[in-house]
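Content type compact mmCIF, C-alpha atoms, from the file data_11.txt:
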```txt
# COMPACT_ATOMS: atom_id res chain seq x y z
CA MET T 1 81.80 94.83 127.66
CA ARG T 2 83.02 97.71 129.84
CA ASP T 3 83.03 101.14 128.13
CA THR T 4 86.46 102.43 129.16
CA THR T 5 85.94 105.92 127.71
CA SER T 6 82.99 106.49 130.06
CA ASP T 7 85.43 106.24 133.00
CA LEU T 8 87.82 108.88 131.64
CA PRO T 9 87.63 112.58 132.56
CA LEU T 10 86.35 113.67 129.15
CA THR T 11 85.57 117.29 128.29
CA PRO T 12 82.43 118.34 126.36
CA GLU T 13 84.63 118.59 123.25
CA ASP T 14 85.84 115.03 123.83
CA LEU T 15 82.26 113.79 124.09
CA LEU T 16 81.35 115.50 120.82
CA PHE T 17 84.41 113.89 119.23
CA ARG T 18 83.31 110.48 120.53
CA ASP T 19 79.78 110.96 119.18
CA GLU T 20 81.16 111.91 115.77
CA LEU T 21 83.38 108.83 115.74
CA ARG T 22 80.59 106.47 116.78
CA THR T 23 78.32 107.86 114.06
CA TRP T 24 81.07 107.41 111.48
CA LEU T 25 81.72 103.84 112.62
CA ARG T 26 78.06 102.93 112.28
CA GLU T 27 78.16 104.18 108.69
CA HIS T 28 81.56 102.83 107.61
CA LEU T 29 82.33 99.73 109.69
CA THR T 30 80.10 97.70 107.42
CA GLY T 31 80.24 95.12 104.63
CA ARG T 32 83.59 93.43 104.22
CA PHE T 33 85.01 95.14 107.33
CA VAL T 34 82.52 93.51 109.73
CA ASN T 35 83.65 90.64 112.00
CA GLN T 36 87.29 90.94 110.95
CA HIS T 37 88.65 92.03 114.34
CA ASP T 38 90.33 88.66 114.92
CA ARG T 39 92.07 88.44 111.53
CA GLY T 40 95.63 89.62 111.99
CA GLY T 41 97.47 91.56 114.64
CA PRO T 42 100.60 93.57 115.47
CA ASP T 43 102.89 90.71 114.41
CA ASP T 44 100.51 88.79 112.11
CA ASP T 45 99.92 89.99 108.55
CA ASP T 46 96.85 87.80 108.03
CA ASN T 47 94.09 89.57 106.06
CA TRP T 48 96.58 92.23 104.96
CA GLU T 49 94.75 93.66 101.93
CA LEU T 50 91.48 94.07 103.78
CA ARG T 51 93.30 95.78 106.64
CA ARG T 52 95.00 98.14 104.20
CA GLY T 53 91.54 98.86 102.79
CA TRP T 54 90.39 99.76 106.30
CA GLU T 55 93.39 102.07 106.68
CA ARG T 56 92.30 103.92 103.54
CA GLU T 57 88.74 104.10 104.89
CA LEU T 58 90.09 105.67 108.08
CA ALA T 59 92.19 108.08 106.04
CA ASP T 60 89.16 109.20 104.01
CA GLY T 61 87.37 109.95 107.29
CA ARG T 62 90.43 111.87 108.61
CA TRP T 63 90.92 109.46 111.50
CA LEU T 64 94.66 108.93 110.94
CA GLY T 65 97.18 111.14 112.71
CA ILE T 66 94.37 113.01 114.47
CA SER T 67 96.70 114.62 117.04
CA TRP T 68 98.97 116.09 114.38
CA PRO T 69 98.71 119.76 113.41
CA SER T 70 96.25 120.37 110.59
CA GLU T 71 99.03 121.43 108.21
CA TYR T 72 100.31 117.84 108.36
CA GLY T 73 96.91 116.26 107.77
CA GLY T 74 95.83 115.98 111.40
CA ARG T 75 93.00 117.43 113.46
CA ASN T 76 94.96 119.01 116.34
CA ALA T 77 93.23 116.45 118.57
CA THR T 78 94.04 116.13 122.25
CA LEU T 79 95.60 113.13 123.95
CA SER T 80 92.21 112.25 125.43
CA GLN T 81 90.74 112.17 121.91
CA GLU T 82 93.56 109.89 120.76
CA ILE T 83 92.64 107.55 123.61
CA VAL T 84 88.95 107.76 122.68
CA LEU T 85 89.77 106.86 119.06
CA ALA T 86 91.86 103.82 120.02
CA THR T 87 89.34 102.46 122.50
CA GLU T 88 86.29 103.10 120.31
CA LEU T 89 87.86 101.36 117.30
CA ALA T 90 88.70 98.36 119.45
CA GLN T 91 85.31 98.29 121.15
CA ALA T 92 83.51 98.46 117.79
CA GLY T 93 85.46 95.43 116.51
CA ALA T 94 87.29 97.23 113.70
CA PRO T 95 89.91 95.30 111.70
CA PRO T 96 93.42 95.42 113.22
CA ARG T 97 95.58 98.27 112.03
CA ALA T 98 98.04 97.53 109.25
CA ALA T 99 100.24 100.65 109.04
CA PHE T 100 100.51 101.57 112.69
CA HIS T 101 104.32 101.58 112.79
CA GLY T 102 104.48 104.85 110.89
CA GLU T 103 101.54 106.70 112.38
CA THR T 104 101.80 105.67 116.04
CA LEU T 105 105.57 105.10 116.41
CA MET T 106 107.67 107.02 113.91
CA ALA T 107 105.36 110.04 113.52
CA PRO T 108 105.51 111.10 117.21
CA THR T 109 109.30 110.93 116.94
CA ALA T 110 109.21 113.05 113.79
CA LEU T 111 107.02 115.60 115.55
CA THR T 112 109.50 115.74 118.44
CA TYR T 113 112.83 115.67 116.59
CA GLY T 114 112.06 116.34 112.92
CA THR T 115 112.47 119.66 111.13
CA PRO T 116 109.38 121.42 109.74
CA GLU T 117 110.47 120.32 106.26
CA GLN T 118 110.76 116.68 107.37
CA ARG T 119 107.35 116.75 109.02
CA GLN T 120 105.74 118.22 105.92
CA ARG T 121 107.34 115.54 103.77
CA LEU T 122 106.73 112.55 106.05
CA LEU T 123 103.39 113.03 107.79
CA PRO T 124 100.75 113.90 105.14
CA PRO T 125 101.35 110.67 103.13
CA MET T 126 100.74 108.68 106.33
CA ALA T 127 97.55 110.64 107.03
CA ARG T 128 96.38 109.61 103.53
CA ALA T 129 97.34 105.93 104.12
CA GLU T 130 99.69 106.08 101.13
CA VAL T 131 102.84 104.70 102.73
CA VAL T 132 103.72 101.77 105.00
CA TRP T 133 106.58 101.94 107.48
CA CYS T 134 108.37 99.25 109.47
CA GLN T 135 110.67 99.43 112.49
CA GLY T 136 114.33 98.40 112.29
CA TYR T 137 115.62 98.02 115.83
CA SER T 138 116.49 94.40 116.69
CA GLU T 139 119.55 92.66 115.28
CA PRO T 140 120.85 89.09 115.69
CA ASN T 141 123.13 90.28 118.54
CA ALA T 142 121.01 93.21 119.71
CA GLY T 143 117.54 92.20 120.80
CA SER T 144 116.62 93.53 124.22
CA ASP T 145 120.11 95.08 124.39
CA LEU T 146 119.38 97.66 121.73
CA ALA T 147 122.56 99.62 122.41
CA ASN T 148 124.59 96.69 121.06
CA ILE T 149 123.58 97.24 117.43
CA SER T 150 126.22 96.91 114.72
CA THR T 151 124.39 98.07 111.57
CA ARG T 152 126.46 101.04 110.44
CA ALA T 153 126.35 103.92 108.01
CA ARG T 154 129.11 106.05 106.52
CA LEU T 155 128.67 109.46 104.98
CA ASP T 156 129.21 109.74 101.22
CA GLY T 157 128.51 113.27 100.05
CA ASP T 158 124.86 114.03 100.75
CA GLU T 159 123.95 110.37 101.37
CA TRP T 160 124.41 107.80 104.11
CA VAL T 161 125.56 104.36 102.95
CA VAL T 162 124.10 101.62 105.20
CA THR T 163 125.44 98.10 105.79
CA GLY T 164 124.15 95.55 108.28
CA GLN T 165 121.13 93.46 109.24
CA LYS T 166 117.88 93.86 111.14
CA ILE T 167 115.70 90.98 112.32
CA TRP T 168 112.14 90.42 113.56
CA THR T 169 111.16 93.38 111.40
CA THR T 170 107.37 93.33 111.39
CA PHE T 171 105.66 93.81 108.00
CA ALA T 172 108.92 94.69 106.22
CA GLN T 173 107.75 92.73 103.18
CA HIS T 174 104.83 95.17 102.84
CA ALA T 175 106.68 98.35 103.81
CA ASP T 176 107.92 101.21 101.67
CA TRP T 177 110.27 102.64 104.30
CA ILE T 178 112.04 101.51 107.46
CA PHE T 179 113.01 103.71 110.43
CA ALA T 180 116.15 102.19 111.87
CA ILE T 181 118.73 102.77 114.56
CA VAL T 182 122.14 102.81 112.87
CA ARG T 183 125.67 103.39 114.18
CA THR T 184 127.06 106.42 112.37
CA ASP T 185 130.16 106.95 114.52
CA PRO T 186 132.49 103.97 113.93
CA ASP T 187 134.46 104.69 117.11
CA SER T 188 131.42 104.88 119.38
CA ARG T 189 130.13 102.33 121.85
CA ARG T 190 126.77 101.52 123.38
CA HIS T 191 124.26 104.41 123.35
CA ALA T 192 126.62 106.96 121.82
CA GLY T 193 127.12 107.42 118.10
CA LEU T 194 123.70 106.11 117.03
CA SER T 195 121.39 107.81 114.56
CA TYR T 196 117.66 107.47 113.82
CA MET T 197 117.63 106.91 110.07
CA LEU T 198 114.80 106.65 107.53
CA ILE T 199 115.69 104.29 104.68
CA PRO T 200 113.68 103.52 101.51
CA LEU T 201 113.32 99.77 101.03
CA ASP T 202 112.70 99.73 97.28
CA GLN T 203 116.31 100.14 96.17
CA PRO T 204 119.41 98.11 95.30
CA GLY T 205 121.25 97.00 98.41
CA VAL T 206 118.13 96.10 100.41
CA ARG T 207 116.95 92.51 100.72
CA VAL T 208 113.90 91.47 102.76
CA VAL T 209 113.68 87.79 103.78
CA PRO T 210 110.37 86.70 105.38
CA ILE T 211 110.49 84.54 108.51
CA ARG T 212 107.73 81.96 108.38
CA THR T 213 106.00 81.56 111.74
CA MET T 214 104.05 78.70 113.32
CA LEU T 215 100.87 80.39 112.10
CA GLY T 216 102.01 79.94 108.52
CA ASP T 217 102.35 83.67 107.88
CA SER T 218 105.42 85.88 107.54
CA GLY T 219 104.70 88.86 109.75
CA PHE T 220 108.37 88.93 110.80
CA ASN T 221 111.29 89.45 108.43
CA GLU T 222 115.04 89.84 108.19
CA VAL T 223 116.25 92.97 106.41
CA PHE T 224 119.76 93.04 104.94
CA PHE T 225 121.51 96.27 103.95
CA ASP T 226 124.43 96.04 101.53
CA GLU T 227 125.56 99.57 100.71
CA ALA T 228 121.95 100.81 100.72
CA ARG T 229 121.59 104.57 100.49
CA THR T 230 119.47 107.29 102.03
CA SER T 231 119.66 111.07 101.91
CA THR T 232 121.22 113.04 104.76
CA ASP T 233 117.85 114.74 105.30
CA ASN T 234 116.42 111.33 106.27
CA VAL T 235 117.88 111.46 109.77
CA LEU T 236 115.56 112.53 112.60
CA GLY T 237 117.36 114.62 115.19
CA ARG T 238 121.09 115.13 114.95
CA PRO T 239 123.47 112.34 113.91
CA GLY T 240 124.40 110.71 117.20
CA GLN T 241 121.03 111.52 118.81
CA GLY T 242 119.51 108.20 117.82
CA TRP T 243 119.18 106.78 121.32
CA GLN T 244 116.95 109.62 122.51
CA CYS T 245 114.82 109.32 119.37
CA ALA T 246 114.54 105.55 119.80
CA MET T 247 113.35 105.92 123.40
CA THR T 248 110.64 108.33 122.25
CA THR T 249 109.40 105.74 119.79
CA LEU T 250 109.46 102.94 122.37
CA GLY T 251 107.57 105.04 124.89
CA HIS T 252 104.70 105.46 122.46
CA GLU T 253 104.81 101.79 121.47
CA ARG T 254 104.46 100.53 125.04
CA ALA T 255 101.81 103.07 126.00
CA THR T 256 99.49 102.82 123.02
CA SER T 257 99.68 99.06 122.51
CA VAL T 258 97.48 98.34 125.50
CA LEU T 259 94.56 100.49 124.31
CA GLY T 260 93.33 98.13 121.63
CA TYR T 261 94.39 94.97 123.42
CA GLN T 262 92.10 95.66 126.36
CA PHE T 263 88.98 95.18 124.25
CA SER T 264 90.34 92.31 122.16
CA PHE T 265 91.09 90.50 125.43
CA ARG T 266 87.54 91.06 126.62
CA ARG T 267 86.18 89.64 123.37
CA GLU T 268 88.41 86.60 123.77
CA MET T 269 87.25 86.21 127.37
CA ALA T 270 83.60 86.29 126.29
CA GLU T 271 84.29 83.67 123.61
CA VAL T 272 86.13 81.39 126.06
CA ARG T 273 83.33 81.66 128.63
CA GLU T 274 80.75 80.75 126.01
CA LEU T 275 82.82 77.81 124.75
CA ALA T 276 83.39 76.64 128.34
CA LYS T 277 79.64 76.56 128.95
CA LYS T 278 78.91 74.74 125.69
CA ARG T 279 81.61 72.13 126.24
CA GLY T 280 80.89 71.56 129.93
CA ALA T 281 84.34 72.78 130.93
CA THR T 282 82.85 74.81 133.78
CA ALA T 283 82.04 71.53 135.51
CA ASP T 284 85.77 71.05 136.13
CA PRO T 285 86.42 72.91 139.42
CA VAL T 286 90.12 73.47 138.69
CA LEU T 287 89.51 74.82 135.20
CA ARG T 288 86.60 76.93 136.45
CA ASP T 289 88.85 78.43 139.13
CA ARG T 290 91.53 79.27 136.56
CA LEU T 291 88.95 80.91 134.32
CA ILE T 292 87.56 83.01 137.18
CA ASP T 293 91.10 84.01 138.15
CA SER T 294 91.73 85.17 134.57
CA MET T 295 88.54 87.24 134.66
CA ILE T 296 89.59 88.93 137.90
CA GLN T 297 93.04 89.69 136.53
CA LEU T 298 91.49 91.16 133.39
CA ASP T 299 89.46 93.56 135.53
CA ILE T 300 92.63 94.50 137.43
CA MET T 301 94.29 95.18 134.06
CA GLY T 302 91.42 97.49 133.14
CA TYR T 303 91.75 99.53 136.35
CA ASN T 304 95.51 99.80 135.92
CA ASN T 305 95.02 100.96 132.33
CA LEU T 306 92.54 103.55 133.51
CA ARG T 307 95.09 104.83 136.04
CA THR T 308 97.79 105.02 133.34
CA LEU T 309 95.49 106.84 130.92
CA SER T 310 94.28 109.28 133.57
CA THR T 311 97.88 110.08 134.53
CA ALA T 312 98.78 110.64 130.87
CA LEU T 313 95.83 113.01 130.47
CA ARG T 314 96.96 115.06 133.47
CA GLU T 315 100.60 115.23 132.41
CA GLY T 316 100.08 115.41 128.65
CA GLN T 317 102.29 112.40 127.86
CA PHE T 318 102.89 108.75 128.67
CA GLY T 319 105.59 108.14 131.25
CA PRO T 320 107.63 105.08 132.25
CA GLU T 321 104.54 103.76 134.07
CA SER T 322 103.39 102.46 130.68
CA SER T 323 105.85 99.60 131.19
CA ILE T 324 103.59 98.29 133.97
CA GLY T 325 100.81 97.76 131.43
CA LYS T 326 103.09 96.08 128.90
CA TYR T 327 104.51 93.69 131.50
CA TYR T 328 101.08 92.86 132.91
CA TRP T 329 99.08 92.30 129.72
CA SER T 330 101.73 90.21 127.96
CA ARG T 331 102.09 87.79 130.89
CA TRP T 332 98.33 87.69 131.49
CA HIS T 333 97.56 86.91 127.87
CA GLN T 334 100.01 84.04 127.73
CA GLU T 335 98.45 82.46 130.82
CA PHE T 336 94.90 83.14 129.64
CA THR T 337 95.42 81.53 126.23
CA GLU T 338 96.74 78.44 128.03
CA VAL T 339 93.43 78.33 129.90
CA ALA T 340 91.63 78.74 126.58
CA MET T 341 93.47 75.75 125.11
CA ASP T 342 92.42 73.63 128.08
CA VAL T 343 88.81 74.73 127.49
CA LEU T 344 89.13 73.66 123.84
CA GLY T 345 90.53 70.29 124.86
CA ALA T 346 91.43 68.15 121.84
CA ASP T 347 90.33 70.95 119.48
CA GLY T 348 93.31 72.92 120.75
CA TRP T 349 95.55 70.56 118.77
CA LEU T 350 93.90 71.35 115.42
CA SER T 351 95.53 73.43 112.70
CA THR T 352 95.83 77.21 113.10
CA GLU T 353 94.66 77.76 109.51
CA TRP T 354 91.34 79.50 109.04
CA GLY T 355 88.63 77.00 108.13
CA SER T 356 90.23 74.18 110.12
CA GLY T 357 87.23 74.02 112.49
CA PRO T 358 85.23 73.34 114.41
CA ASP T 359 84.15 77.02 114.61
CA ARG T 360 85.50 80.55 114.15
CA PRO T 361 86.09 81.29 117.87
CA SER T 362 88.12 78.10 118.27
CA GLU T 363 90.23 78.95 115.22
CA ALA T 364 90.86 82.49 116.49
CA LEU T 365 91.83 81.26 119.95
CA ARG T 366 94.33 78.74 118.59
CA ARG T 367 96.00 81.51 116.59
CA SER T 368 95.93 83.82 119.60
CA PHE T 369 97.65 81.14 121.71
CA ILE T 370 100.52 80.90 119.21
CA ARG T 371 100.86 84.69 118.86
CA ALA T 372 100.92 85.15 122.63
CA ARG T 373 104.19 83.22 122.95
CA ALA T 374 106.07 86.26 121.58
CA GLU T 375 104.22 88.93 123.54
CA THR T 376 106.59 88.91 126.51
CA ILE T 377 109.47 89.58 124.08
CA TYR T 378 108.42 92.11 121.46
CA ALA T 379 108.04 95.83 122.27
CA GLY T 380 110.52 95.27 125.09
CA SER T 381 110.95 91.97 126.90
CA SER T 382 109.47 91.39 130.36
CA GLU T 383 112.97 91.61 131.86
CA ILE T 384 113.47 95.05 130.32
CA GLN T 385 110.04 96.20 131.53
CA LYS T 386 110.87 95.12 135.09
CA ASN T 387 114.11 97.11 134.97
CA ILE T 388 112.24 100.22 133.79
CA ILE T 389 109.60 99.82 136.48
CA ALA T 390 112.22 99.27 139.20
CA GLU T 391 114.55 102.09 138.19
CA ARG T 392 112.32 104.77 136.63
CA VAL T 393 109.02 104.22 138.46
CA LEU T 394 110.07 102.94 141.88
CA GLY T 395 113.41 104.76 141.99
CA LEU T 396 115.46 101.68 142.90
CA PRO T 397 119.22 101.53 142.17
CA ARG T 398 120.20 100.78 138.61
CA GLU T 399 121.09 97.22 137.71
CA PRO T 400 124.87 96.67 137.96
CA LYS T 401 126.66 96.54 134.62
CA ASP T 402 129.37 94.01 133.90
```

Please re-express this file's structure in structure tokens.
Amino acid sequence: MRDTTSDLPLTPEDLLFRDELRTWLREHLTGRFVNQHDRGGPDDDDNWELRRGWERELADGRWLGISWPSEYGGRNATLSQEIVLATELAQAGAPPRAAFHGETLMAPTALTYGTPEQRQRLLPPMARAEVVWCQGYSEPNAGSDLANISTRARLDGDEWVVTGQKIWTTFAQHADWIFAIVRTDPDSRRHAGLSYMLIPLDQPGVRVVPIRTMLGDSGFNEVFFDEARTSTDNVLGRPGQGWQCAMTTLGHERATSVLGYQFSFRREMAEVRELAKKRGATADPVLRDRLIDSMIQLDIMGYNNLRTLSTALREGQFGPESSIGKYYWSRWHQEFTEVAMDVLGADGWLSTEWGSGPDRPSEALRRSFIRARAETIYAGSSEIQKNIIAERVLGLPREPKD
């Protein structure tokens, strides 16, 4: 498996950081945490309690929020060290993250738009793995068109009163808080009049309804707000500045998502190659050609990721180029898991439940195939990614609006 961090322009301090992390992983990625890398994912809450246990293990080692200032529980780590952490965890086969929505999505937004008091209140509990956050963006009539949201809030003294609905809210049934985009100006339209609001879920007026998926889990949920309340100091940025805050969150989501995926894809590729050899699938010239094509495309993905990471290191942030990675990996993974199902043959029709046979790699691949169907939609659909690439990377004219 290719060691991506060896290709990055790492400083001596970065190398010391990597050595410390690798030593810690050898000592702590043991026992019940071993060989759990394929149980669960960004939209799959399988193995939830073990993954939360791994979050607490990371917190005890001070590996959560490492780029945050030390007064908020971080290590003042550099962007290159954040990249090293993500890639090393994935390469070591650590369990999938459970509480990433708060640490990797909301926290960067809080650091950019939050007041010092908000940062002190919000960040340290995440660094200690004490709180779980979920993301409230999509609505029944506002999926890729985020500016069309209708969930609203009115001011009542020192509280906002929230009414509306969010959907496809990942891990809401496990979360303590939700960060949501809410319309706070009733006369506004589109991007104007939106606010980035933090809402406690354990209160009257909030109802979470799990959405059962084809995998049998309920990673996605609907969240209904009926006069739910949150304090006025639970708005990041100014009221009406929600669109800018939301774009900050999405930029981090699209950029960081690819870091762990790169190594999980390589593990899946190794498993498919081994299964293909065992089952004689490589004797089929068409299937063999498709498998080789997937391998080549995976290498191309790796080089593109390296380019994106190197650019981010030079500029100190992820730019719109991160949409290239999101568009590429989501489409690639859908096509690759179709190849994997053809390698499995009749076993591809078996149940997606763990223990359904005939072996662990086959079970994991069947679940991966189902999960991949949504990957070109969540975190920004492929159509949205192409618009971003065309307009903000290539400088082409904006898409005409009706």

Q. So which residues touch Ala172 of chain T within 12 Å, counting all atoms listed in the file, skipping near sequence neighbours fewer than 4 positions away, as a ChimeraX atom specification?
A. /T:43-45,98-99,101,132-136,166-168,176-180,199-202,206-211,218-224

Restricted to C-alpha atoms, what would the selected residues look like written as a short mmCIF file (atom, residue, chain, number, x, y, z; two decimals), in the frame of the given file?
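Output file result32.cif follows:
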```
data_model
loop_
_atom_site.label_atom_id
_atom_site.label_comp_id
_atom_site.auth_asym_id
_atom_site.auth_seq_id
_atom_site.Cartn_x
_atom_site.Cartn_y
_atom_site.Cartn_z
CA ASP T 43 102.89 90.71 114.41
CA ASP T 44 100.51 88.79 112.11
CA ASP T 45 99.92 89.99 108.55
CA ALA T 98 98.04 97.53 109.25
CA ALA T 99 100.24 100.65 109.04
CA HIS T 101 104.32 101.58 112.79
CA VAL T 132 103.72 101.77 105.00
CA TRP T 133 106.58 101.94 107.48
CA CYS T 134 108.37 99.25 109.47
CA GLN T 135 110.67 99.43 112.49
CA GLY T 136 114.33 98.40 112.29
CA LYS T 166 117.88 93.86 111.14
CA ILE T 167 115.70 90.98 112.32
CA TRP T 168 112.14 90.42 113.56
CA ASP T 176 107.92 101.21 101.67
CA TRP T 177 110.27 102.64 104.30
CA ILE T 178 112.04 101.51 107.46
CA PHE T 179 113.01 103.71 110.43
CA ALA T 180 116.15 102.19 111.87
CA ILE T 199 115.69 104.29 104.68
CA PRO T 200 113.68 103.52 101.51
CA LEU T 201 113.32 99.77 101.03
CA ASP T 202 112.70 99.73 97.28
CA VAL T 206 118.13 96.10 100.41
CA ARG T 207 116.95 92.51 100.72
CA VAL T 208 113.90 91.47 102.76
CA VAL T 209 113.68 87.79 103.78
CA PRO T 210 110.37 86.70 105.38
CA ILE T 211 110.49 84.54 108.51
CA SER T 218 105.42 85.88 107.54
CA GLY T 219 104.70 88.86 109.75
CA PHE T 220 108.37 88.93 110.80
CA ASN T 221 111.29 89.45 108.43
CA GLU T 222 115.04 89.84 108.19
CA VAL T 223 116.25 92.97 106.41
CA PHE T 224 119.76 93.04 104.94
#
```

Q: With a distance cut-off of 6 Å and all atoms listed in the file, select the neighbouring residues of Ser382 of chain T, excluding the residue or stretch itself and same-chain residues fewer than 3 positions from it, and output the selection as a VMD selection string.
A: chain T and resid 327 376 385

Q: Mind checking which residues fall within 10 Å of Gly53 of chain T, counting only C-alpha atoms, ignoring those fewer than 2 positions away in the same chain, and posting them as a count of residues only?
A: 14

Could you produce a table of the residues of segment 225-294 of chain T lying within 9 Å of segment 349-368 of chain T, with the nearest pair of atoms per residue and their separation in Å rounded to one decimal, using all atoms listed in the file, ordered by chain and increasing residue number, as JSON lines?
```
{"residue": "T:Glu268", "atom": "CA", "partner": "T:Leu365", "partner_atom": "CA", "distance": 7.4}
{"residue": "T:Glu271", "atom": "CA", "partner": "T:Pro361", "partner_atom": "CA", "distance": 6.5}
{"residue": "T:Val272", "atom": "CA", "partner": "T:Pro361", "partner_atom": "CA", "distance": 8.2}
{"residue": "T:Leu275", "atom": "CA", "partner": "T:Pro361", "partner_atom": "CA", "distance": 8.4}
```

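As for atom CA of Met197 of chain T and atom CA of Ile66 of chain T, they are spaced 24.4 Å apart.
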
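In this comparison, which uses all atoms listed in the file, the residue of T:Arg267, T:Tyr72, T:Ser381, T:Leu29 approaching Met295 of chain T most closely is T:Arg267.
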
Q: Using all atoms listed in the file, pick whichever of T:Ile149, T:Ala228, T:Leu16, T:Leu25 has the shortest atom-to-atom distance to Gln203 of chain T.
A: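 The shortest atom-to-atom distance to Gln203 of chain T comes from T:Ala228.
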
(Q) Under the rule that only C-alpha atoms are counted, which of T:Ala107, T:Leu10, T:Ala92, T:Ile181 is the nearest residue to Leu79 of chain T? (A) T:Leu10

Q.
Which residue is closest to Ser264 of chain T? Choose from T:Leu105, T:Ala346, T:Ala90, T:Val161 and count all atoms listed in the file.
A.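 Closest to Ser264 of chain T, using all atoms listed in the file: T:Ala90.
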
(Q) My list of candidates is T:Ala281, T:Val84, T:Ala153, T:Ala175. Which is closest to Arg52 of chain T when distances are computed with only C-alpha atoms? (A)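 Of T:Ala281, T:Val84, T:Ala153, T:Ala175, the one nearest Arg52 of chain T, counting only C-alpha atoms, is T:Ala175.
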
Q: Enter the distance from atom CA of Thr170 of chain T to atom CA of Gln241 of chain T, in Å, rounded to one decimal.
A: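 Atom-to-atom, atom CA of Thr170 of chain T to atom CA of Gln241 of chain T, that is 23.9 Å.
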
Q: Using only C-alpha atoms, find the one residue out of T:Leu89, T:Trp54, T:Arg373, T:Asn76 that sits nearest to Met214 of chain T.
A: T:Arg373

**Q.** d(atom CA of Asp185 of chain T, atom CA of Trp243 of chain T) in Å
**A.**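 Straight-line distance from atom CA of Asp185 of chain T to atom CA of Trp243 of chain T works out to 12.9 Å.
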
Please return the centre and edge lengths, in Å to one decimal, of a box with edges along x, y and z that contains all listed atoms of segment 330-342 of chain T, widened by 3 Å on every side, as AutoDock Vina command-line options.
```
--center_x 96.9 --center_y 81.9 --center_z 128.3 --size_x 16.5 --size_y 22.6 --size_z 12.4
```
